[in-house]
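As provided, query-v8.cif (mmCIF, C-alpha atoms) reads as follows.
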data_structure
loop_
_atom_site.label_atom_id
_atom_site.label_comp_id
_atom_site.auth_asym_id
_atom_site.auth_seq_id
_atom_site.Cartn_x
_atom_site.Cartn_y
_atom_site.Cartn_z
CA MET A 1 18.26 -8.38 -1.21
CA SER A 2 19.08 -6.62 2.02
CA GLU A 3 16.51 -6.68 4.77
CA ILE A 4 15.48 -3.41 6.33
CA LYS A 5 14.85 -3.48 10.02
CA TYR A 6 12.14 -1.05 11.08
CA PRO A 7 12.18 -0.29 14.82
CA ASN A 8 9.05 -2.11 15.95
CA ARG A 9 8.90 -4.88 13.41
CA ILE A 10 8.64 -8.42 14.66
CA ILE A 11 9.26 -11.20 12.18
CA LYS A 12 8.35 -14.69 13.27
CA THR A 13 9.96 -17.20 10.98
CA PRO A 14 8.74 -20.77 11.30
CA SER A 15 11.66 -22.73 9.92
CA THR A 16 9.40 -25.56 8.74
CA ASN A 17 7.54 -23.72 6.00
CA LEU A 18 9.59 -21.64 3.64
CA ILE A 19 6.78 -20.62 1.26
CA LYS A 20 4.55 -19.37 4.03
CA THR A 21 7.43 -17.46 5.54
CA THR A 22 8.05 -15.65 2.29
CA ASN A 23 4.38 -14.76 1.83
CA SER A 24 3.83 -13.60 5.37
CA LYS A 25 7.07 -11.63 5.27
CA LYS A 26 5.85 -9.77 2.19
CA ALA A 27 2.48 -9.13 3.75
CA ARG A 28 4.16 -7.80 6.86
CA LEU A 29 6.47 -5.55 4.90
CA GLY A 30 3.40 -3.99 3.30
CA ALA A 31 1.81 -3.58 6.70
CA ASP A 32 4.94 -1.87 7.98
CA PHE A 33 4.70 0.78 5.29
CA GLU A 34 1.04 1.27 6.20
CA GLU A 35 1.99 1.63 9.86
CA MET A 36 4.67 4.18 9.01
CA ILE A 37 2.12 6.24 7.06
CA ASN A 38 -0.47 5.96 9.82
CA GLU A 39 2.10 7.08 12.38
CA SER A 40 3.04 10.03 10.17
CA ASN A 41 -0.63 10.96 9.78
CA LYS A 42 -1.01 10.90 13.59
CA PHE A 43 1.99 13.20 13.86
CA TYR A 44 0.47 15.62 11.32
CA LEU A 45 -2.88 15.51 13.12
CA ASN A 46 -1.34 16.19 16.54
CA LYS A 47 0.61 19.12 15.11
CA GLY A 48 -2.61 20.49 13.59
CA LEU A 49 -1.08 20.28 10.10
CA ALA A 50 -3.42 17.86 8.35
CA ALA A 51 -6.26 15.40 8.95
CA ILE A 52 -5.51 12.43 6.70
CA TYR A 53 -6.80 8.94 7.49
CA LYS A 54 -6.67 5.46 6.07
CA LYS A 55 -10.15 4.36 5.09
CA PRO A 56 -11.39 1.17 6.74
CA THR A 57 -11.19 -1.97 4.60
CA PRO A 58 -14.64 -2.53 3.10
CA ILE A 59 -16.23 -5.72 4.36
CA GLN A 60 -19.48 -7.35 3.20
CA VAL A 61 -21.29 -8.62 6.26
CA VAL A 62 -23.40 -11.71 5.56
CA SER A 63 -24.57 -12.75 9.01
CA THR A 64 -24.41 -11.56 12.59
CA THR A 65 -25.47 -12.88 15.97
CA PHE A 66 -26.22 -10.92 19.13
CA PRO A 67 -24.49 -12.64 22.07
CA LYS A 68 -25.40 -9.55 24.10
CA ARG A 69 -28.28 -7.24 23.36
CA SER A 70 -25.99 -4.30 22.67
CA MET A 71 -23.29 -6.15 20.79
CA ALA A 72 -23.33 -7.58 17.29
CA ARG A 73 -20.91 -10.40 16.51
CA ILE A 74 -20.25 -10.83 12.81
CA THR A 75 -20.08 -14.54 12.03
CA GLU A 76 -19.75 -14.47 8.24
CA ALA A 77 -18.24 -11.71 6.15
CA TYR A 78 -15.97 -11.18 3.15
CA TYR A 79 -13.45 -8.57 2.09
CA LYS A 80 -14.68 -6.34 -0.74
CA THR A 81 -12.70 -4.53 -3.43
CA PRO A 82 -12.21 -0.91 -2.32
CA SER A 83 -14.05 1.59 -4.58
CA THR A 84 -11.48 4.32 -4.11
CA THR A 85 -7.98 4.69 -2.67
CA ASP A 86 -6.65 3.96 0.80
CA TYR A 87 -5.98 7.45 2.13
CA ASN A 88 -7.70 10.81 1.96
CA GLY A 89 -8.08 13.96 3.99
CA VAL A 90 -7.41 17.68 4.20
CA TYR A 91 -4.17 19.69 4.24
CA GLU A 92 -4.09 23.50 4.10
CA GLY A 93 -7.56 23.53 2.57
CA TYR A 94 -6.55 21.05 -0.13
CA TYR A 95 -8.24 17.72 -0.63
CA ILE A 96 -5.53 15.03 -0.49
CA ASP A 97 -6.03 11.54 -1.97
CA PHE A 98 -3.49 8.77 -2.44
CA GLU A 99 -2.76 5.08 -2.63
CA ALA A 100 0.32 3.57 -0.96
CA LYS A 101 2.14 0.46 -2.16
CA SER A 102 5.27 -1.44 -1.23
CA CYS A 103 7.26 -2.66 -4.18
CA HIS A 104 9.68 -5.54 -3.70
CA SER A 105 11.07 -5.67 -7.21
CA ASN A 106 12.90 -3.11 -9.34
CA SER A 107 9.72 -1.79 -10.94
CA PHE A 108 6.16 -0.98 -9.90
CA PRO A 109 3.73 -3.23 -11.83
CA PHE A 110 0.39 -1.63 -12.79
CA SER A 111 -1.26 -4.87 -11.70
CA LYS A 112 -0.82 -3.57 -8.14
CA ILE A 113 -3.42 -0.87 -8.67
CA PHE A 114 -7.02 -1.32 -9.86
CA LYS A 115 -8.17 0.45 -13.02
CA HIS A 116 -11.05 2.06 -11.11
CA GLN A 117 -8.54 3.42 -8.58
CA VAL A 118 -6.65 5.15 -11.40
CA GLU A 119 -10.02 6.51 -12.63
CA HIS A 120 -10.75 7.73 -9.11
CA LEU A 121 -7.41 9.57 -8.95
CA LYS A 122 -8.23 11.16 -12.34
CA THR A 123 -11.58 12.39 -11.02
CA VAL A 124 -9.92 13.78 -7.89
CA HIS A 125 -7.31 15.57 -9.98
CA ASN A 126 -9.94 17.03 -12.31
CA LEU A 127 -11.93 18.30 -9.32
CA GLY A 128 -8.91 20.21 -7.99
CA GLY A 129 -7.72 17.68 -5.42
CA ILE A 130 -4.10 16.63 -4.88
CA ALA A 131 -3.76 13.03 -6.08
CA PHE A 132 -0.67 10.82 -5.98
CA LEU A 133 0.88 7.45 -5.19
CA LEU A 134 3.32 6.72 -2.37
CA ILE A 135 5.62 3.92 -3.51
CA GLU A 136 8.05 2.23 -1.16
CA PHE A 137 11.05 0.28 -2.44
CA PRO A 138 11.99 -1.48 0.81
CA ASN A 139 15.06 -3.13 -0.71
CA LYS A 140 16.46 0.30 -1.53
CA GLU A 141 15.10 1.93 1.63
CA GLU A 142 13.48 4.61 -0.53
CA ILE A 143 9.97 6.05 -0.73
CA PHE A 144 8.69 8.17 -3.61
CA LEU A 145 5.70 10.39 -4.18
CA LEU A 146 4.52 9.95 -7.77
CA PRO A 147 2.13 12.74 -8.86
CA ALA A 148 -1.05 11.27 -10.34
CA THR A 149 -0.50 13.12 -13.64
CA MET A 150 2.70 11.08 -14.20
CA LEU A 151 0.81 7.90 -13.37
CA PHE A 152 -1.96 8.76 -15.89
CA ASN A 153 0.53 9.23 -18.74
CA LEU A 154 2.31 5.95 -18.04
CA TYR A 155 -0.92 4.03 -17.39
CA ASP A 156 -2.52 5.27 -20.60
CA SER A 157 0.58 4.43 -22.62
CA MET A 158 0.41 0.87 -21.19
CA ASN A 159 -3.11 0.60 -22.64
CA GLU A 160 -1.62 1.58 -26.00
CA GLY A 161 0.94 -1.22 -25.84
CA GLY A 162 3.52 0.44 -23.58
CA ARG A 163 5.25 -0.92 -20.46
CA LYS A 164 3.19 -2.78 -17.88
CA SER A 165 5.20 -1.34 -15.00
CA ILE A 166 7.09 1.77 -13.92
CA PRO A 167 10.82 1.09 -13.51
CA TYR A 168 12.64 2.24 -10.38
CA ALA A 169 14.83 4.48 -12.55
CA TYR A 170 11.72 6.45 -13.59
CA PHE A 171 10.91 7.17 -9.95
CA LYS A 172 14.51 8.14 -9.27
CA GLU A 173 14.48 10.63 -12.14
CA ASN A 174 10.94 12.02 -12.03
CA ALA A 175 9.17 11.39 -8.72
CA TYR A 176 9.71 13.16 -5.38
CA LEU A 177 12.00 11.28 -3.01
CA ILE A 178 10.57 11.39 0.51
CA LYS A 179 12.88 11.87 3.43
CA ARG A 180 12.72 9.07 5.96
CA GLY A 181 12.95 10.10 9.59
CA TYR A 182 11.87 9.28 13.14
CA THR A 183 8.85 11.53 13.69
CA PRO A 184 7.23 11.50 11.23
CA GLN A 185 8.67 8.38 9.65
CA VAL A 186 7.39 9.29 6.18
CA ASP A 187 7.35 13.07 5.86
CA TYR A 188 5.35 13.08 2.61
CA LEU A 189 3.68 16.48 3.19
CA LYS A 190 6.98 18.17 2.24
CA ALA A 191 6.67 16.54 -1.19
CA VAL A 192 3.00 17.58 -1.30
CA ASP A 193 4.14 21.19 -0.75
CA LEU A 194 6.38 20.93 -3.82
CA LEU A 195 3.56 19.34 -5.81
CA ILE A 196 1.16 22.16 -4.85
CA LYS A 197 3.77 24.77 -5.83
CA GLU A 198 4.32 23.05 -9.18
CA ASN A 199 0.57 22.84 -9.87
CA LYS A 200 0.18 26.55 -9.05
CA ALA A 201 3.11 27.41 -11.32
CA LYS A 202 1.48 25.46 -14.16
CA ARG A 203 -1.81 27.28 -13.68
CA ILE A 204 -0.19 30.72 -13.91
CA MET B 205 -29.34 7.14 22.83
CA SER B 206 -28.32 6.55 19.28
CA GLU B 207 -30.73 4.38 17.37
CA ILE B 208 -28.94 3.75 14.15
CA LYS B 209 -25.48 2.48 14.77
CA TYR B 210 -24.68 0.37 11.77
CA PRO B 211 -26.26 1.24 8.44
CA ASN B 212 -25.71 -2.15 6.84
CA ARG B 213 -27.09 -4.13 9.73
CA ILE B 214 -29.62 -6.73 8.74
CA ILE B 215 -32.33 -7.10 11.31
CA LYS B 216 -34.56 -10.14 11.08
CA THR B 217 -37.98 -9.19 12.32
CA PRO B 218 -40.14 -11.92 13.77
CA SER B 219 -43.72 -10.62 13.51
CA THR B 220 -44.37 -11.68 17.09
CA ASN B 221 -42.05 -9.04 18.50
CA LEU B 222 -43.36 -5.50 18.25
CA ILE B 223 -40.34 -3.85 19.84
CA LYS B 224 -38.02 -5.39 17.32
CA THR B 225 -40.34 -4.32 14.50
CA THR B 226 -40.15 -0.73 15.69
CA ASN B 227 -36.38 -0.90 15.79
CA SER B 228 -36.12 -2.29 12.32
CA LYS B 229 -38.48 0.40 11.00
CA LYS B 230 -36.24 3.04 12.51
CA ALA B 231 -33.15 1.31 11.19
CA ARG B 232 -34.72 1.21 7.74
CA LEU B 233 -35.54 4.91 7.80
CA GLY B 234 -31.92 5.62 8.68
CA ALA B 235 -30.73 3.34 5.91
CA ASP B 236 -33.07 5.10 3.49
CA PHE B 237 -31.44 8.43 4.26
CA GLU B 238 -28.04 6.87 3.73
CA GLU B 239 -29.21 5.38 0.43
CA MET B 240 -30.57 8.75 -0.67
CA ILE B 241 -27.21 10.39 0.04
CA ASN B 242 -25.28 7.60 -1.69
CA GLU B 243 -27.54 7.91 -4.74
CA SER B 244 -26.99 11.69 -4.76
CA ASN B 245 -23.23 11.18 -4.51
CA LYS B 246 -23.37 8.80 -7.49
CA PHE B 247 -25.29 11.46 -9.42
CA TYR B 248 -22.66 14.10 -8.56
CA LEU B 249 -19.85 11.69 -9.54
CA ASN B 250 -21.43 10.81 -12.89
CA LYS B 251 -21.93 14.50 -13.65
CA GLY B 252 -18.27 15.16 -12.81
CA LEU B 253 -19.32 17.58 -10.07
CA ALA B 254 -17.87 15.95 -6.96
CA ALA B 255 -16.28 12.75 -5.67
CA ILE B 256 -17.81 12.17 -2.24
CA TYR B 257 -18.05 8.70 -0.71
CA LYS B 258 -19.32 7.05 2.43
CA LYS B 259 -16.43 5.49 4.30
CA PRO B 260 -16.75 1.77 4.97
CA THR B 261 -17.90 0.85 8.47
CA PRO B 262 -14.77 -0.04 10.44
CA ILE B 263 -14.72 -3.68 11.46
CA GLN B 264 -12.29 -5.47 13.76
CA VAL B 265 -11.55 -8.87 12.26
CA VAL B 266 -10.76 -11.50 14.88
CA SER B 267 -10.59 -14.70 12.85
CA THR B 268 -10.73 -15.86 9.25
CA THR B 269 -10.74 -19.17 7.42
CA PHE B 270 -9.74 -19.92 3.83
CA PRO B 271 -12.39 -22.13 2.23
CA LYS B 272 -10.63 -21.44 -1.09
CA ARG B 273 -6.98 -20.55 -1.49
CA SER B 274 -7.77 -17.12 -2.87
CA MET B 275 -10.71 -16.24 -0.64
CA ALA B 276 -10.76 -15.28 3.01
CA ARG B 277 -13.96 -15.90 4.95
CA ILE B 278 -14.22 -13.79 8.10
CA THR B 279 -15.74 -15.93 10.84
CA GLU B 280 -15.51 -13.60 13.82
CA ALA B 281 -15.52 -9.81 13.72
CA TYR B 282 -16.98 -6.81 15.54
CA TYR B 283 -18.09 -3.32 14.58
CA LYS B 284 -15.72 -0.60 15.75
CA THR B 285 -16.45 3.02 16.63
CA PRO B 286 -15.62 5.16 13.59
CA SER B 287 -12.68 7.55 14.20
CA THR B 288 -14.04 10.24 11.93
CA THR B 289 -17.29 11.01 10.11
CA ASP B 290 -19.24 8.98 7.55
CA TYR B 291 -18.70 11.00 4.39
CA ASN B 292 -15.83 12.88 2.80
CA GLY B 293 -14.54 13.87 -0.60
CA VAL B 294 -13.76 16.69 -2.99
CA TYR B 295 -15.97 19.34 -4.61
CA GLU B 296 -14.60 22.23 -6.67
CA GLY B 297 -11.21 21.82 -5.02
CA TYR B 298 -12.74 21.96 -1.54
CA TYR B 299 -12.39 19.18 0.99
CA ILE B 300 -15.91 18.18 2.08
CA ASP B 301 -16.57 16.31 5.35
CA PHE B 302 -19.89 15.53 7.00
CA GLU B 303 -21.93 13.24 9.18
CA ALA B 304 -25.54 12.34 8.32
CA LYS B 305 -28.23 11.47 10.84
CA SER B 306 -31.93 10.75 10.81
CA CYS B 307 -33.83 12.30 13.64
CA HIS B 308 -37.20 10.84 14.64
CA SER B 309 -38.09 13.33 17.35
CA ASN B 310 -38.52 17.10 17.35
CA SER B 311 -34.92 17.76 18.27
CA PHE B 312 -31.49 16.42 17.42
CA PRO B 313 -29.86 15.00 20.58
CA PHE B 314 -26.08 15.45 20.86
CA SER B 315 -25.89 11.85 22.06
CA LYS B 316 -26.28 10.89 18.38
CA ILE B 317 -22.82 12.19 17.59
CA PHE B 318 -19.55 11.17 19.25
CA LYS B 319 -17.43 13.83 20.92
CA HIS B 320 -14.41 12.79 18.83
CA GLN B 321 -16.51 13.29 15.68
CA VAL B 322 -17.23 16.88 16.73
CA GLU B 323 -13.48 17.30 17.37
CA HIS B 324 -12.79 15.87 13.92
CA LEU B 325 -15.18 18.38 12.31
CA LYS B 326 -13.38 21.18 14.22
CA THR B 327 -10.02 20.03 12.89
CA VAL B 328 -11.41 19.87 9.34
CA HIS B 329 -12.87 23.37 9.67
CA ASN B 330 -9.59 24.75 11.04
CA LEU B 331 -7.68 23.19 8.15
CA GLY B 332 -9.88 24.96 5.59
CA GLY B 333 -12.26 22.10 4.82
CA ILE B 334 -16.05 22.41 4.53
CA ALA B 335 -17.58 20.61 7.52
CA PHE B 336 -21.25 20.11 8.32
CA LEU B 337 -24.05 17.81 9.43
CA LEU B 338 -26.92 16.59 7.26
CA ILE B 339 -29.95 16.08 9.49
CA GLU B 340 -33.12 14.40 8.27
CA PHE B 341 -36.44 14.84 10.05
CA PRO B 342 -38.35 12.03 8.30
CA ASN B 343 -41.62 12.85 10.10
CA LYS B 344 -41.51 16.34 8.60
CA GLU B 345 -39.98 15.16 5.33
CA GLU B 346 -37.25 17.79 5.70
CA ILE B 347 -33.47 17.66 5.47
CA PHE B 348 -31.16 20.38 6.75
CA LEU B 349 -27.50 21.19 6.31
CA LEU B 350 -26.13 22.48 9.61
CA PRO B 351 -22.75 24.23 9.19
CA ALA B 352 -20.20 22.82 11.63
CA THR B 353 -19.59 26.26 13.17
CA MET B 354 -23.22 26.33 14.39
CA LEU B 355 -22.79 22.82 15.78
CA PHE B 356 -19.61 23.86 17.66
CA ASN B 357 -21.35 26.79 19.38
CA LEU B 358 -24.31 24.69 20.50
CA TYR B 359 -22.16 21.71 21.48
CA ASP B 360 -19.81 23.83 23.55
CA SER B 361 -22.73 25.57 25.28
CA MET B 362 -24.07 22.12 26.21
CA ASN B 363 -20.78 21.41 27.97
CA GLU B 364 -21.35 24.63 29.93
CA GLY B 365 -24.77 23.49 31.08
CA GLY B 366 -26.80 24.34 27.99
CA ARG B 367 -29.30 22.22 26.02
CA LYS B 368 -28.43 18.61 25.28
CA SER B 369 -30.10 18.77 21.88
CA ILE B 370 -30.80 21.10 18.96
CA PRO B 371 -34.53 21.76 18.55
CA TYR B 372 -36.17 21.46 15.13
CA ALA B 373 -37.07 25.17 15.31
CA TYR B 374 -33.35 26.02 15.41
CA PHE B 375 -32.76 24.13 12.16
CA LYS B 376 -35.80 25.81 10.60
CA GLU B 377 -34.46 29.26 11.49
CA ASN B 378 -30.70 28.87 11.05
CA ALA B 379 -29.73 25.84 8.97
CA TYR B 380 -29.97 25.41 5.19
CA LEU B 381 -33.09 23.54 4.04
CA ILE B 382 -32.18 21.04 1.33
CA LYS B 383 -34.48 20.58 -1.59
CA ARG B 384 -35.70 17.03 -2.02
CA GLY B 385 -35.98 15.80 -5.56
CA TYR B 386 -35.72 12.77 -7.83
CA THR B 387 -32.18 12.93 -9.20
CA PRO B 388 -30.41 13.73 -7.00
CA GLN B 389 -32.72 12.92 -4.11
CA VAL B 390 -30.75 15.08 -1.65
CA ASP B 391 -29.23 17.99 -3.56
CA TYR B 392 -27.00 19.11 -0.69
CA LEU B 393 -24.26 20.60 -2.89
CA LYS B 394 -26.53 23.63 -3.51
CA ALA B 395 -26.43 24.30 0.23
CA VAL B 396 -22.66 23.73 0.19
CA ASP B 397 -22.41 26.45 -2.48
CA LEU B 398 -24.18 28.90 -0.13
CA LEU B 399 -21.94 27.81 2.74
CA ILE B 400 -18.79 28.39 0.66
CA LYS B 401 -20.07 31.84 -0.38
CA GLU B 402 -20.82 32.73 3.24
CA ASN B 403 -17.38 31.56 4.40
CA LYS B 404 -15.74 33.63 1.67
CA ALA B 405 -17.81 36.69 2.63
CA LYS B 406 -16.68 36.28 6.24
CA ARG B 407 -13.03 36.09 5.25
CA ILE B 408 -13.21 39.32 3.23
#
Go through the file and emit its structure as structure tokens.
Amino acid sequence: MSEIKYPNRIIKTPSTNLIKTTNSKKARLGADFEEMINESNKFYLNKGLAAIYKKPTPIQVVSTTFPKRSMARITEAYYKTPSTTDYNGVYEGYYIDFEAKSCHSNSFPFSKIFKHQVEHLKTVHNLGGIAFLLIEFPNKEEIFLLPATMLFNLYDSMNEGGRKSIPYAYFKENAYLIKRGYTPQVDYLKAVDLLIKENKAKRI
Amino acid sequence: MSEIKYPNRIIKTPSTNLIKTTNSKKARLGADFEEMINESNKFYLNKGLAAIYKKPTPIQVVSTTFPKRSMARITEAYYKTPSTTDYNGVYEGYYIDFEAKSCHSNSFPFSKIFKHQVEHLKTVHNLGGIAFLLIEFPNKEEIFLLPATMLFNLYDSMNEGGRKSIPYAYFKENAYLIKRGYTPQVDYLKAVDLLIKENKAKRI
């Protein structure tokens, strides 16, 4: 398992607690992928190419205090399950909607995505939006765009007793490989262009 | 002077304090409008017409505890300024993006909307999305859809010394009046249809 060193990543490794180190390392790897996407979205926005944002994490606020008249301090709150996906926005008039996940094994387990998120992607697709997953395999230094239609087929076959995950080989053969770079770090709109072309071709 | 900052804010109203009561009444009216829109969006979603959601309020989490291993309790957090608008989604392949505000006076003051939100609506419009404001005048029991292009003209003229608000009469003459009903309570997609038609007519 080779470790990929992203430019700005800082890993603090307390030598006393191995389990915690592993967990926090995984969490941070996920965050890195998120940061790469956010940076790419900023690049697209500044270039006037697209306006795609990560939605804020939904939080249920239970109680607040007002230390100053104008400022609310939240003193008790809990993370909620997101109703939709992480990212959405507009690109060349198209509605774009996707979920991004880092995958540290050799397959992407469906347990990483909620059933209602798959349903949401189906709705988006049916309404003419561009829906997909961005899957990072950090160990292989590869990122794929998986069109939602491919996800639906595999997900539905799981419900009929099929595989509970999508193997790396499937991505390699069927999904769009995304070029890694400096600015943007994850140039996924190039894959979206191909996806749009393919969809148009199918409609003709 | 923006009255309603945080839709989900719970305001405890001691009956001894009239000012606070007024605030909470205003906050509740704002929340009602939000609830009406959310209910309408649910209706559209169930009918398979559109997938439009309110984005979660962005919150900066400062500290958390773990009363149970699997559950994080947020113990200190603050509301952040939203980077974009409240609502976005997809309708008939179009990217939809809007901000909703309740307006308790006879004009809509520009102070109710952040400059970067107007910029965001401009970007959306330039990228081919459908951008607008939904403005409720609860005292008149009327709701208007104001196309973003009208907002841009008035907003830019304010920066050149023009009015700092949009009078109710302007909405009455130029914006789309939205029919109030039972299900959906705010049938704004009908106005969006007209807006799309108008945009298409302009492009021809």
(request) Could you list the residues chosen by the PyMOL selection byres ((chain B) within 7 of (chain A)) in this structure as a ChimeraX atom specification? (result) /B:254-255,259-262,276-282,294-299,328,331-333
(request) Would you mind listing what lies within 12 Å of Asp360 (chain B) as a list in words, with all atoms listed in the file counted and same-chain residues fewer than 6 positions away left out? (result)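 Once the nearby chain positions are removed, what remains is Phe314, Lys319, Val322, Glu323, Lys326, Ala352, Thr353, Met354, Gly366, Arg367, Lys368 and Ser369 of chain B.
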(message) Please determine, counting all atoms listed in the file, which residue among B:Pro351, B:Pro371, B:Pro388, B:Pro271 has the shortest atom-to-atom distance to Ala335 (chain B).
(response) B:Pro351
(request) Calculate how many Å separate CA of Leu358 (chain B) from CA of Ala373 (chain B), rounding to one decimal. (result) 13.8 Å
(message) How large is the C-alpha RMSD when chain A is optimally fitted onto chain B, using all Cα positions paired one-to-one in sequence order?
(response)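 Across the paired C-alpha atoms, the RMSD reaches 4.0 Å.
Taking CA of Tyr188 (chain A) and CA of Ser107 (chain A) as the two end points, the separation is 20.6 Å.
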Quick one: region 372-389 of chain B with N, CA and C atoms, as a CSV table (one decimal), in the frame of the given file?
chain,number,residue,atom,x,y,z
B,372,TYR,N,-35.8,21.3,16.6
B,372,TYR,CA,-36.2,21.5,15.1
B,372,TYR,C,-36.3,22.9,14.7
B,373,ALA,N,-36.9,23.7,15.6
B,373,ALA,CA,-37.1,25.2,15.3
B,373,ALA,C,-35.7,25.9,15.0
B,374,TYR,N,-34.7,25.4,15.7
B,374,TYR,CA,-33.4,26.0,15.4
B,374,TYR,C,-32.9,25.7,14.0
B,375,PHE,N,-33.1,24.5,13.6
B,375,PHE,CA,-32.8,24.1,12.2
B,375,PHE,C,-33.6,25.0,11.2
B,376,LYS,N,-34.9,25.1,11.5
B,376,LYS,CA,-35.8,25.8,10.6
B,376,LYS,C,-35.4,27.3,10.4
B,377,GLU,N,-34.8,27.8,11.5
B,377,GLU,CA,-34.5,29.3,11.5
B,377,GLU,C,-33.0,29.5,11.0
B,378,ASN,N,-32.1,28.6,11.3
B,378,ASN,CA,-30.7,28.9,11.0
B,378,ASN,C,-30.0,28.0,10.0
B,379,ALA,N,-30.5,26.8,9.9
B,379,ALA,CA,-29.7,25.8,9.0
B,379,ALA,C,-30.2,26.0,7.5
B,380,TYR,N,-29.6,25.4,6.6
B,380,TYR,CA,-30.0,25.4,5.2
B,380,TYR,C,-30.9,24.3,4.9
B,381,LEU,N,-32.1,24.6,4.4
B,381,LEU,CA,-33.1,23.5,4.0
B,381,LEU,C,-32.7,23.0,2.7
B,382,ILE,N,-32.6,21.7,2.6
B,382,ILE,CA,-32.2,21.0,1.3
B,382,ILE,C,-33.4,20.6,0.5
B,383,LYS,N,-33.4,20.9,-0.7
B,383,LYS,CA,-34.5,20.6,-1.6
B,383,LYS,C,-34.4,19.1,-1.8
B,384,ARG,N,-35.6,18.4,-1.7
B,384,ARG,CA,-35.7,17.0,-2.0
B,384,ARG,C,-36.1,16.9,-3.5
B,385,GLY,N,-35.6,15.9,-4.2
B,385,GLY,CA,-36.0,15.8,-5.6
B,385,GLY,C,-35.9,14.3,-6.0
B,386,TYR,N,-35.8,14.1,-7.3
B,386,TYR,CA,-35.7,12.8,-7.8
B,386,TYR,C,-34.3,12.4,-8.1
B,387,THR,N,-33.6,13.2,-9.0
B,387,THR,CA,-32.2,12.9,-9.2
B,387,THR,C,-31.4,14.3,-9.2
B,388,PRO,N,-30.7,14.5,-8.2
B,388,PRO,CA,-30.4,13.7,-7.0
B,388,PRO,C,-31.5,13.9,-6.0
B,389,GLN,N,-31.7,12.9,-5.1
B,389,GLN,CA,-32.7,12.9,-4.1
B,389,GLN,C,-32.4,13.9,-3.0
